[in-house]
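Here is the file target27.cif (mmCIF, C-alpha atoms and all ligand atoms).
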```cif
data_protein
loop_
_atom_site.label_atom_id
_atom_site.label_comp_id
_atom_site.auth_asym_id
_atom_site.auth_seq_id
_atom_site.Cartn_x
_atom_site.Cartn_y
_atom_site.Cartn_z
CA MET W 1 -21.51 -19.61 -18.76
CA SER W 2 -21.21 -23.27 -19.90
CA ASN W 3 -20.83 -26.00 -17.31
CA ASP W 4 -17.20 -26.61 -18.26
CA ARG W 5 -16.29 -22.98 -17.79
CA LEU W 6 -18.19 -22.84 -14.54
CA LEU W 7 -16.25 -25.86 -13.27
CA LEU W 8 -12.97 -24.31 -14.39
CA SER W 9 -13.64 -21.00 -12.72
CA ARG W 10 -14.81 -22.72 -9.55
CA ARG W 11 -11.62 -24.73 -9.47
CA ALA W 12 -9.59 -21.59 -9.96
CA LEU W 13 -11.54 -19.98 -7.14
CA ILE W 14 -10.97 -22.91 -4.79
CA GLY W 15 -7.27 -22.97 -5.69
CA GLY W 16 -7.13 -19.26 -4.96
CA LEU W 17 -8.86 -19.65 -1.63
CA ALA W 18 -6.65 -22.56 -0.62
CA SER W 19 -3.50 -20.57 -1.22
CA THR W 20 -4.92 -17.59 0.66
CA GLY W 21 -5.74 -19.97 3.51
CA GLY W 22 -2.10 -21.04 3.54
CA LEU W 23 -1.05 -17.44 3.87
CA LEU W 24 -3.59 -16.94 6.61
CA LEU W 25 -2.26 -19.83 8.67
CA ALA W 26 1.28 -18.70 8.05
CA GLY W 27 0.26 -15.27 9.36
CA CYS W 28 -1.07 -16.80 12.55
CA SER W 29 1.98 -18.83 13.47
CA ASP W 30 5.52 -17.53 13.34
CA GLN W 31 5.22 -14.20 11.55
CA GLN W 32 3.55 -11.78 13.92
CA PRO W 33 4.32 -8.12 14.36
CA PRO W 34 6.58 -7.85 17.44
CA THR W 35 5.12 -6.62 20.74
CA TYR W 36 8.44 -5.56 22.30
CA GLY W 37 7.21 -7.07 25.56
CA ASN W 38 4.51 -4.39 25.82
CA ILE W 39 1.33 -6.04 27.06
CA LEU W 40 -0.90 -3.46 25.31
CA ARG W 41 0.74 -4.34 22.00
CA MET W 42 -0.75 -7.84 22.30
CA GLY W 43 -4.03 -6.21 21.26
CA ASP W 44 -2.50 -5.55 17.83
CA ASN W 45 -1.97 -9.25 17.24
CA LEU W 46 -5.44 -10.03 18.57
CA THR W 47 -7.02 -7.57 16.12
CA TYR W 48 -4.88 -8.88 13.28
CA ASN W 49 -5.70 -12.54 13.90
CA LEU W 50 -9.38 -11.83 14.55
CA GLN W 51 -9.87 -9.77 11.39
CA ARG W 52 -7.88 -12.21 9.31
CA THR W 53 -10.01 -15.10 10.64
CA LEU W 54 -13.45 -13.48 10.55
CA LEU W 55 -13.34 -11.39 7.39
CA SER W 56 -13.22 -12.86 3.93
CA PRO W 57 -9.66 -12.09 2.73
CA MET W 58 -10.94 -10.39 -0.41
CA ALA W 59 -13.99 -8.56 1.02
CA LEU W 60 -14.17 -5.12 -0.56
CA ALA W 61 -14.23 -1.83 1.27
CA ARG W 62 -17.27 0.27 0.40
CA GLU W 63 -17.04 2.31 -2.79
CA PHE W 64 -18.88 5.59 -3.28
CA ASP W 65 -20.33 7.74 -6.08
CA ARG W 66 -18.69 10.80 -7.65
CA SER W 67 -21.26 12.97 -5.85
CA ASP W 68 -19.91 11.74 -2.48
CA ILE W 69 -16.39 13.12 -3.09
CA THR W 70 -15.30 15.59 -0.38
CA SER W 71 -12.35 17.89 0.05
CA MET W 72 -9.28 16.22 1.55
CA PRO W 73 -6.45 17.86 3.48
CA ALA W 74 -2.85 16.98 2.58
CA THR W 75 -1.40 15.74 5.86
CA GLY W 76 1.87 14.46 7.28
CA THR W 77 4.51 15.14 4.66
CA TYR W 78 3.01 17.36 1.98
CA ASP W 79 6.31 18.01 0.20
CA PRO W 80 9.26 15.63 0.81
CA ALA W 81 11.71 18.32 -0.42
CA ARG W 82 10.88 20.64 2.51
CA GLU W 83 13.58 20.48 5.17
CA ASP W 84 11.15 21.62 7.86
CA GLY W 85 8.85 18.62 7.30
CA ASP W 86 8.31 16.26 10.25
CA PHE W 87 9.59 13.22 8.34
CA TYR W 88 12.20 14.96 6.18
CA ASP W 89 14.89 12.68 4.80
CA ARG W 90 18.01 14.43 3.46
CA ARG W 91 18.81 12.09 0.57
CA GLY W 92 15.19 11.43 -0.33
CA GLY W 93 14.33 15.12 -0.10
CA LYS W 94 17.14 16.12 -2.48
CA ASP W 95 16.28 13.33 -4.95
CA TYR W 96 12.63 14.34 -4.82
CA ALA W 97 13.36 18.01 -5.54
CA ILE W 98 15.33 17.07 -8.68
CA LEU W 99 12.71 14.62 -9.94
CA ARG W 100 9.84 17.02 -9.31
CA ASN W 101 11.60 19.87 -11.14
CA ARG W 102 11.66 17.66 -14.24
CA GLY W 103 7.97 16.80 -13.96
CA PHE W 104 8.81 13.30 -12.64
CA ASP W 105 10.05 12.27 -16.13
CA HIS W 106 13.07 10.60 -14.56
CA TRP W 107 11.22 9.13 -11.59
CA ARG W 108 11.24 5.33 -11.48
CA LEU W 109 9.54 2.92 -9.12
CA GLN W 110 12.05 0.26 -8.13
CA ILE W 111 10.73 -3.24 -7.35
CA ASP W 112 13.03 -5.90 -5.98
CA GLY W 113 13.52 -8.50 -3.27
CA HIS W 114 11.86 -11.92 -3.49
CA VAL W 115 10.71 -11.50 -7.10
CA GLU W 116 11.71 -13.23 -10.33
CA ARG W 117 12.13 -10.08 -12.42
CA PRO W 118 13.26 -7.08 -10.35
CA GLY W 119 12.99 -3.86 -12.30
CA SER W 120 12.08 -0.21 -12.41
CA TYR W 121 8.99 1.39 -13.88
CA SER W 122 8.34 4.89 -15.20
CA LEU W 123 5.00 6.64 -14.75
CA ALA W 124 4.27 5.95 -18.44
CA ASP W 125 4.96 2.24 -17.86
CA LEU W 126 2.47 2.22 -14.97
CA LYS W 127 -0.17 4.11 -16.94
CA ARG W 128 0.08 1.52 -19.74
CA MET W 129 -0.82 -1.31 -17.35
CA ALA W 130 -4.47 -2.28 -16.74
CA GLY W 131 -5.72 0.24 -14.19
CA ARG W 132 -8.45 0.55 -11.59
CA THR W 133 -10.45 3.55 -10.40
CA GLN W 134 -12.18 3.52 -7.01
CA ILE W 135 -13.99 6.09 -4.88
CA THR W 136 -13.26 5.30 -1.24
CA LYS W 137 -13.26 6.78 2.24
CA HIS W 138 -9.90 7.62 3.77
CA MET W 139 -9.82 7.35 7.56
CA CYS W 140 -7.00 9.06 9.39
CA GLU W 141 -5.98 7.91 12.86
CA GLU W 142 -6.39 11.53 13.95
CA GLY W 143 -10.14 11.25 13.50
CA TRP W 144 -11.03 12.83 10.15
CA THR W 145 -12.31 11.12 7.04
CA ALA W 146 -12.48 12.13 3.38
CA ILE W 147 -13.83 10.58 0.20
CA ALA W 148 -11.80 10.72 -3.01
CA GLU W 149 -11.45 8.96 -6.34
CA TRP W 150 -8.17 7.12 -6.89
CA THR W 151 -6.79 5.73 -10.15
CA GLY W 152 -3.82 3.42 -10.43
CA VAL W 153 -2.41 -0.04 -11.00
CA PRO W 154 -3.54 -2.80 -8.66
CA LEU W 155 -0.51 -3.88 -6.64
CA ARG W 156 -1.50 -7.43 -7.54
CA THR W 157 -1.00 -6.66 -11.27
CA MET W 158 2.43 -5.25 -10.48
CA LEU W 159 3.41 -8.25 -8.36
CA GLU W 160 2.27 -10.57 -11.15
CA ALA W 161 4.40 -8.60 -13.63
CA VAL W 162 7.56 -9.05 -11.54
CA GLY W 163 6.64 -12.58 -10.42
CA ILE W 164 6.63 -12.98 -6.63
CA ARG W 165 8.58 -15.97 -5.36
CA PRO W 166 6.87 -18.52 -3.05
CA SER W 167 9.11 -17.23 -0.24
CA ALA W 168 7.42 -13.80 -0.40
CA ARG W 169 5.61 -12.95 2.88
CA PHE W 170 5.49 -9.15 3.13
CA VAL W 171 5.64 -6.21 0.74
CA GLU W 172 7.48 -3.11 1.93
CA PHE W 173 6.87 0.43 0.68
CA HIS W 174 9.62 3.04 0.88
CA ALA W 175 9.06 6.75 0.32
CA PHE W 176 11.06 9.92 -0.33
CA ASP W 177 10.51 11.00 3.29
CA GLN W 178 11.30 8.83 6.32
CA ILE W 179 8.03 6.91 6.05
CA ALA W 180 8.07 3.22 5.21
CA ASP W 181 5.52 0.51 5.92
CA SER W 182 4.58 -3.01 4.92
CA LEU W 183 1.60 -5.23 4.14
CA ASP W 184 1.10 -8.98 4.38
CA MET W 185 0.29 -10.83 1.16
CA ILE W 186 -3.46 -10.79 1.82
CA ASP W 187 -3.62 -6.99 1.77
CA ALA W 188 -0.96 -6.84 -0.98
CA LEU W 189 -3.10 -9.00 -3.30
CA HIS W 190 -6.42 -7.38 -2.33
CA PRO W 191 -8.16 -5.97 -5.44
CA GLN W 192 -8.52 -2.47 -3.92
CA THR W 193 -4.86 -2.19 -2.95
CA ILE W 194 -3.57 0.04 -5.73
CA LEU W 195 -0.54 2.12 -6.66
CA ALA W 196 -2.35 5.38 -7.39
CA TYR W 197 -1.06 8.00 -9.85
CA GLY W 198 -4.42 9.77 -10.21
CA MET W 199 -6.78 11.54 -7.80
CA ASN W 200 -10.25 12.85 -8.70
CA GLY W 201 -9.51 12.48 -12.41
CA ARG W 202 -6.18 14.37 -12.45
CA ASP W 203 -2.54 13.51 -11.80
CA LEU W 204 -1.88 12.95 -8.10
CA PRO W 205 -1.08 16.37 -6.55
CA ILE W 206 2.25 16.81 -4.72
CA GLY W 207 0.57 17.13 -1.32
CA HIS W 208 -1.21 13.82 -1.76
CA GLY W 209 1.90 11.85 -2.70
CA ALA W 210 2.96 12.57 -6.30
CA PRO W 211 3.88 10.87 -8.45
CA LEU W 212 2.72 7.60 -6.87
CA ARG W 213 1.13 6.56 -3.58
CA LEU W 214 -0.29 3.43 -2.10
CA ARG W 215 -4.01 3.04 -1.35
CA VAL W 216 -4.89 0.36 1.21
CA GLU W 217 -8.63 0.62 1.66
CA ARG W 218 -9.17 -1.80 4.52
CA GLN W 219 -6.65 -0.22 6.86
CA ILE W 220 -6.26 3.15 8.51
CA GLY W 221 -4.84 6.22 6.73
CA TYR W 222 -1.18 5.98 7.65
CA LYS W 223 -0.82 2.64 5.82
CA SER W 224 -1.42 4.44 2.49
CA VAL W 225 2.20 5.49 1.96
CA LYS W 226 2.68 8.59 -0.23
CA PHE W 227 5.69 9.56 -2.42
CA LEU W 228 6.73 6.00 -3.30
CA ARG W 229 10.22 5.24 -4.55
CA ARG W 230 10.74 1.55 -3.87
CA ILE W 231 8.76 -1.62 -3.31
CA PHE W 232 10.67 -4.44 -1.63
CA VAL W 233 9.26 -7.97 -1.33
CA THR W 234 10.56 -9.86 1.70
CA ASP W 235 10.30 -13.19 3.51
CA VAL W 236 10.62 -11.68 7.00
CA PHE W 237 8.69 -9.10 9.00
CA ARG W 238 10.58 -5.88 9.68
CA ASP W 239 9.29 -3.05 11.85
CA LEU W 240 9.73 -0.10 9.53
CA GLY W 241 8.55 2.44 12.05
CA ASP W 242 4.90 2.31 13.00
CA ILE W 243 5.25 -0.18 15.86
CA ARG W 244 8.38 1.46 17.25
CA SER W 245 6.64 4.83 17.23
CA GLY W 246 3.58 3.46 19.03
CA TRP W 247 1.19 2.69 16.18
CA ALA W 248 -0.20 -0.71 15.21
CA TRP W 249 1.34 -2.38 12.16
CA TYR W 250 -2.06 -3.86 11.33
CA ASN W 251 -4.88 -1.35 11.77
CA GLY W 252 -8.00 -2.68 10.06
CA ILE W 253 -11.12 -0.55 9.64
N1 LIG J 1 5.26 9.16 2.76
C1 LIG J 1 4.25 9.47 3.58
N2 LIG J 1 3.08 8.82 3.47
C2 LIG J 1 2.03 9.11 4.27
C3 LIG J 1 2.15 10.10 5.28
C4 LIG J 1 3.38 10.80 5.37
O1 LIG J 1 3.57 11.72 6.20
N3 LIG J 1 4.41 10.47 4.51
N4 LIG J 1 1.06 10.36 6.11
C5 LIG J 1 0.07 9.28 6.23
C6 LIG J 1 -1.15 9.68 6.94
S1 LIG J 1 -1.11 9.74 8.64
C7 LIG J 1 -2.32 9.92 6.27
S2 LIG J 1 -3.77 10.24 7.09
C8 LIG J 1 -2.33 9.97 4.79
C9 LIG J 1 -2.75 11.33 4.36
O2 LIG J 1 -2.94 11.38 2.97
P1 LIG J 1 -3.27 12.78 2.33
O3 LIG J 1 -2.12 13.69 2.64
O4 LIG J 1 -3.45 12.49 0.88
O5 LIG J 1 -4.53 13.29 2.99
O6 LIG J 1 -1.09 9.67 4.19
C10 LIG J 1 -0.32 8.72 4.87
N5 LIG J 1 0.85 8.45 4.09
MO MO J 2 -3.26 10.00 9.24
#
```
Could you express the structure from this file as structure tokens?
Ligand SMILES: Nc1nc2c(c(=O)[nH]1)N[C@H]1C(S)=C(S)[C@@H](COP(=O)(O)O)O[C@H]1N2
Ligand SMILES: [Mo]
Amino acid sequence: MSNDRLLLSRRALIGGLASTGGLLLAGCSDQQPPTYGNILRMGDNLTYNLQRTLLSPMALAREFDRSDITSMPATGTYDPAREDGDFYDRRGGKDYAILRNRGFDHWRLQIDGHVERPGSYSLADLKRMAGRTQITKHMCEEGWTAIAEWTGVPLRTMLEAVGIRPSARFVEFHAFDQIADSLDMIDALHPQTILAYGMNGRDLPIGHGAPLRLRVERQIGYKSVKFLRRIFVTDVFRDLGDIRSGWAWYNGI
């Protein structure tokens, strides 16, 4: 690399770090996940602030070799169309059944909120974008782990395509069941945070979130929302369920 290019890339790096630092400080001041007056919940904010301060924002989770891949159970919702599922959503379940019966040809991922170019993307659109494949360890809050290979579009690439506005603070993920969750911009822009359409070299199976799921490799299993239908970029924190139901919004591993 010539000196000029080195200087340029170092500047770009410093610019990148400075803006991440801004996000970091913003995260520490007014935008904290709510504690609902529960003293134990204060631990969530402690963990969040500590991890955000101590860990490099872009540090990668460990990646494995193909030979490390294990079997993986499909847990939580394994088919959003099933009325007896724990997180069954009537409207989402019906929509999902129709889309699945047509091989997800008519499925679209909607992206809107604080973005310049809201839009919707087909699976073919996503597969045309520059992708990433990673072999990572999934850790479920119930105590089991599994290693699998995931292929998809980095969320960062997607957010660059739609152009996030400076007001953007959180990215929400909405599914065909009742599950929804959100990430701050540090995890949203992390290189291993991907919208996965492939698992172990094949299309994502229904049980694991077809046609598209989130992979968040530095947080616990429930943050990797399956069966995505909509991504919504916001300027405010909303509790979409995990805190209300007793789980931490930020659960770093
Ligand atoms: N939409 C949706 N996403 C979800 C869940 C769910 O029930 N519904 N379960 C979560 C939990 S607790 C885990 S451990 C993983 C499980 O992913 P898997 O079914 O591919 O093993 O998905 C997460 N994402
Ligand atoms: Mo889980």
Env. residues ligand LIG 1 (chain J) / 10 Å / all atoms listed in the file / as a ChimeraX atom specification
/W:71-80,85-88,138-146,148,173-181,199,204-210,213-215,220-229
Atoms to include: C-alpha atoms. Write the selected residues as an mmCIF file, in the coordinates of the input.
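New file again-v4.cif:
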```
data_model
loop_
_atom_site.group_PDB
_atom_site.id
_atom_site.type_symbol
_atom_site.label_atom_id
_atom_site.label_comp_id
_atom_site.auth_asym_id
_atom_site.auth_seq_id
_atom_site.Cartn_x
_atom_site.Cartn_y
_atom_site.Cartn_z
ATOM 1 C CA SER W 71 -12.350 17.890 0.050
ATOM 2 C CA MET W 72 -9.280 16.220 1.550
ATOM 3 C CA PRO W 73 -6.450 17.860 3.480
ATOM 4 C CA ALA W 74 -2.850 16.980 2.580
ATOM 5 C CA THR W 75 -1.400 15.740 5.860
ATOM 6 C CA GLY W 76 1.870 14.460 7.280
ATOM 7 C CA THR W 77 4.510 15.140 4.660
ATOM 8 C CA TYR W 78 3.010 17.360 1.980
ATOM 9 C CA ASP W 79 6.310 18.010 0.200
ATOM 10 C CA PRO W 80 9.260 15.630 0.810
ATOM 11 C CA GLY W 85 8.850 18.620 7.300
ATOM 12 C CA ASP W 86 8.310 16.260 10.250
ATOM 13 C CA PHE W 87 9.590 13.220 8.340
ATOM 14 C CA TYR W 88 12.200 14.960 6.180
ATOM 15 C CA HIS W 138 -9.900 7.620 3.770
ATOM 16 C CA MET W 139 -9.820 7.350 7.560
ATOM 17 C CA CYS W 140 -7.000 9.060 9.390
ATOM 18 C CA GLU W 141 -5.980 7.910 12.860
ATOM 19 C CA GLU W 142 -6.390 11.530 13.950
ATOM 20 C CA GLY W 143 -10.140 11.250 13.500
ATOM 21 C CA TRP W 144 -11.030 12.830 10.150
ATOM 22 C CA THR W 145 -12.310 11.120 7.040
ATOM 23 C CA ALA W 146 -12.480 12.130 3.380
ATOM 24 C CA ALA W 148 -11.800 10.720 -3.010
ATOM 25 C CA PHE W 173 6.870 0.430 0.680
ATOM 26 C CA HIS W 174 9.620 3.040 0.880
ATOM 27 C CA ALA W 175 9.060 6.750 0.320
ATOM 28 C CA PHE W 176 11.060 9.920 -0.330
ATOM 29 C CA ASP W 177 10.510 11.000 3.290
ATOM 30 C CA GLN W 178 11.300 8.830 6.320
ATOM 31 C CA ILE W 179 8.030 6.910 6.050
ATOM 32 C CA ALA W 180 8.070 3.220 5.210
ATOM 33 C CA ASP W 181 5.520 0.510 5.920
ATOM 34 C CA MET W 199 -6.780 11.540 -7.800
ATOM 35 C CA LEU W 204 -1.880 12.950 -8.100
ATOM 36 C CA PRO W 205 -1.080 16.370 -6.550
ATOM 37 C CA ILE W 206 2.250 16.810 -4.720
ATOM 38 C CA GLY W 207 0.570 17.130 -1.320
ATOM 39 C CA HIS W 208 -1.210 13.820 -1.760
ATOM 40 C CA GLY W 209 1.900 11.850 -2.700
ATOM 41 C CA ALA W 210 2.960 12.570 -6.300
ATOM 42 C CA ARG W 213 1.130 6.560 -3.580
ATOM 43 C CA LEU W 214 -0.290 3.430 -2.100
ATOM 44 C CA ARG W 215 -4.010 3.040 -1.350
ATOM 45 C CA ILE W 220 -6.260 3.150 8.510
ATOM 46 C CA GLY W 221 -4.840 6.220 6.730
ATOM 47 C CA TYR W 222 -1.180 5.980 7.650
ATOM 48 C CA LYS W 223 -0.820 2.640 5.820
ATOM 49 C CA SER W 224 -1.420 4.440 2.490
ATOM 50 C CA VAL W 225 2.200 5.490 1.960
ATOM 51 C CA LYS W 226 2.680 8.590 -0.230
ATOM 52 C CA PHE W 227 5.690 9.560 -2.420
ATOM 53 C CA LEU W 228 6.730 6.000 -3.300
ATOM 54 C CA ARG W 229 10.220 5.240 -4.550
#
```
Atom CA of Arg66 of chain W to atom CA of Thr193 of chain W measures 19.5 Å
Closest of W:Gln219, W:Thr70, W:Ser120, W:Thr136 to Ala161 of chain W, counting only C-alpha atoms, is W:Ser120
Legend entry - Interatomic distance, atom CA of Gln110 of chain W to atom CA of Arg218 of chain W (Å, one decimal):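 Answer for the atom CA of Gln110 of chain W to atom CA of Arg218 of chain W separation: 24.8 Å.
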Would you mind reading off the distance between atom CA of Arg108 of chain W and atom CA of Arg244 of chain W, one decimal, in Å?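 Atom-to-atom, atom CA of Arg108 of chain W and atom CA of Arg244 of chain W are spaced 29.1 Å apart.
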Exercise for review: Find the residues around Ala59 of chain W up to 10 Å (only C-alpha atoms counted), leave out those fewer than 4 positions away in its own chain, and share them as a list in words.
Suggested key: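 In the requested format, the answer is Leu55, His190, Pro191, Gln192 and Arg218 of chain W.
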| request: For Arg41 of chain W, work out the shell of residues within 9 Å, counting all atoms listed in the file and skipping chain neighbours fewer than 4 positions away, then give it as a PyMOL selection string. | output: chain W and resi 34-37+45+243+246+248
Across W:Met185, W:Asp242, W:Gln134, W:Gly103, the smallest distance to Arg165 of chain W, with only C-alpha atoms counted, is shown by W:Met185
*With only C-alpha atoms as the atoms that count, which of W:Leu40, W:Leu50, W:Ala130, W:Ala188 lies nearest to Arg156 of chain W?*
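Closest to Arg156 of chain W of all the choices is W:Ala188.
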With 4 Å added on each side, what axis-aligned box encloses every listed atom of segment 33-42 of chain W? Give the centre and edge lengths in Å to one decimal, as AutoDock Vina command-line options.
```
--center_x 3.8 --center_y -5.8 --center_z 20.7 --size_x 17.3 --size_y 12.7 --size_z 20.7
```
Rank W:Glu83, W:Asn251, W:Met58, W:Gly152 by their smallest atom-to-atom distance to ligand MO 2 (chain J), using only C-alpha atoms and all ligand atoms, and report the top residue only.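 Of W:Glu83, W:Asn251, W:Met58, W:Gly152, the one nearest ligand MO 2 (chain J) is W:Asn251, counting only C-alpha atoms and all ligand atoms.
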Block slice segment 155-173 of chain W, N, CA and C atoms, emitted as an mmCIF file, in the first residue's frame:
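New file part.cif:
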```
data_model
loop_
_atom_site.group_PDB
_atom_site.id
_atom_site.type_symbol
_atom_site.label_atom_id
_atom_site.label_comp_id
_atom_site.auth_asym_id
_atom_site.auth_seq_id
_atom_site.Cartn_x
_atom_site.Cartn_y
_atom_site.Cartn_z
ATOM 1 N N LEU W 155 -26.290 -6.556 7.439
ATOM 2 C CA LEU W 155 -27.315 -5.526 7.681
ATOM 3 C C LEU W 155 -26.768 -4.153 7.299
ATOM 4 N N ARG W 156 -25.466 -3.986 7.519
ATOM 5 C CA ARG W 156 -24.820 -2.715 7.188
ATOM 6 C C ARG W 156 -24.982 -2.371 5.699
ATOM 7 N N THR W 157 -24.803 -3.388 4.826
ATOM 8 C CA THR W 157 -24.960 -3.195 3.379
ATOM 9 C C THR W 157 -26.380 -2.737 3.056
ATOM 10 N N MET W 158 -27.336 -3.380 3.723
ATOM 11 C CA MET W 158 -28.748 -3.049 3.544
ATOM 12 C C MET W 158 -29.026 -1.617 3.996
ATOM 13 N N LEU W 159 -28.495 -1.258 5.143
ATOM 14 C CA LEU W 159 -28.739 0.086 5.691
ATOM 15 C C LEU W 159 -28.075 1.148 4.808
ATOM 16 N N GLU W 160 -26.938 0.777 4.207
ATOM 17 C CA GLU W 160 -26.300 1.719 3.276
ATOM 18 C C GLU W 160 -27.149 1.861 2.014
ATOM 19 N N ALA W 161 -27.767 0.771 1.589
ATOM 20 C CA ALA W 161 -28.608 0.821 0.378
ATOM 21 C C ALA W 161 -29.815 1.740 0.579
ATOM 22 N N VAL W 162 -30.412 1.712 1.763
ATOM 23 C CA VAL W 162 -31.597 2.550 1.989
ATOM 24 C C VAL W 162 -31.220 3.917 2.554
ATOM 25 N N GLY W 163 -29.979 4.082 2.997
ATOM 26 C CA GLY W 163 -29.505 5.373 3.481
ATOM 27 C C GLY W 163 -30.093 5.743 4.839
ATOM 28 N N ILE W 164 -29.418 5.373 5.923
ATOM 29 C CA ILE W 164 -29.958 5.730 7.245
ATOM 30 C C ILE W 164 -29.749 7.218 7.512
ATOM 31 N N ARG W 165 -30.763 7.837 8.072
ATOM 32 C CA ARG W 165 -30.682 9.259 8.414
ATOM 33 C C ARG W 165 -29.876 9.424 9.700
ATOM 34 N N PRO W 166 -29.275 10.624 9.910
ATOM 35 C CA PRO W 166 -28.486 10.855 11.129
ATOM 36 C C PRO W 166 -29.311 10.660 12.409
ATOM 37 N N SER W 167 -30.624 10.776 12.297
ATOM 38 C CA SER W 167 -31.495 10.620 13.472
ATOM 39 C C SER W 167 -31.647 9.153 13.888
ATOM 40 N N ALA W 168 -31.183 8.227 13.053
ATOM 41 C CA ALA W 168 -31.375 6.797 13.330
ATOM 42 C C ALA W 168 -30.613 6.379 14.588
ATOM 43 N N ARG W 169 -31.291 5.711 15.526
ATOM 44 C CA ARG W 169 -30.649 5.265 16.773
ATOM 45 C C ARG W 169 -30.774 3.763 16.987
ATOM 46 N N PHE W 170 -31.903 3.195 16.574
ATOM 47 C CA PHE W 170 -32.149 1.765 16.778
ATOM 48 C C PHE W 170 -32.735 1.169 15.506
ATOM 49 N N VAL W 171 -32.496 -0.129 15.317
ATOM 50 C CA VAL W 171 -33.090 -0.842 14.187
ATOM 51 C C VAL W 171 -33.982 -1.945 14.756
ATOM 52 N N GLU W 172 -35.255 -1.897 14.373
ATOM 53 C CA GLU W 172 -36.218 -2.888 14.865
ATOM 54 C C GLU W 172 -36.443 -3.988 13.825
ATOM 55 N N PHE W 173 -36.687 -5.200 14.328
ATOM 56 C CA PHE W 173 -36.920 -6.359 13.473
ATOM 57 C C PHE W 173 -38.268 -6.960 13.825
#
```
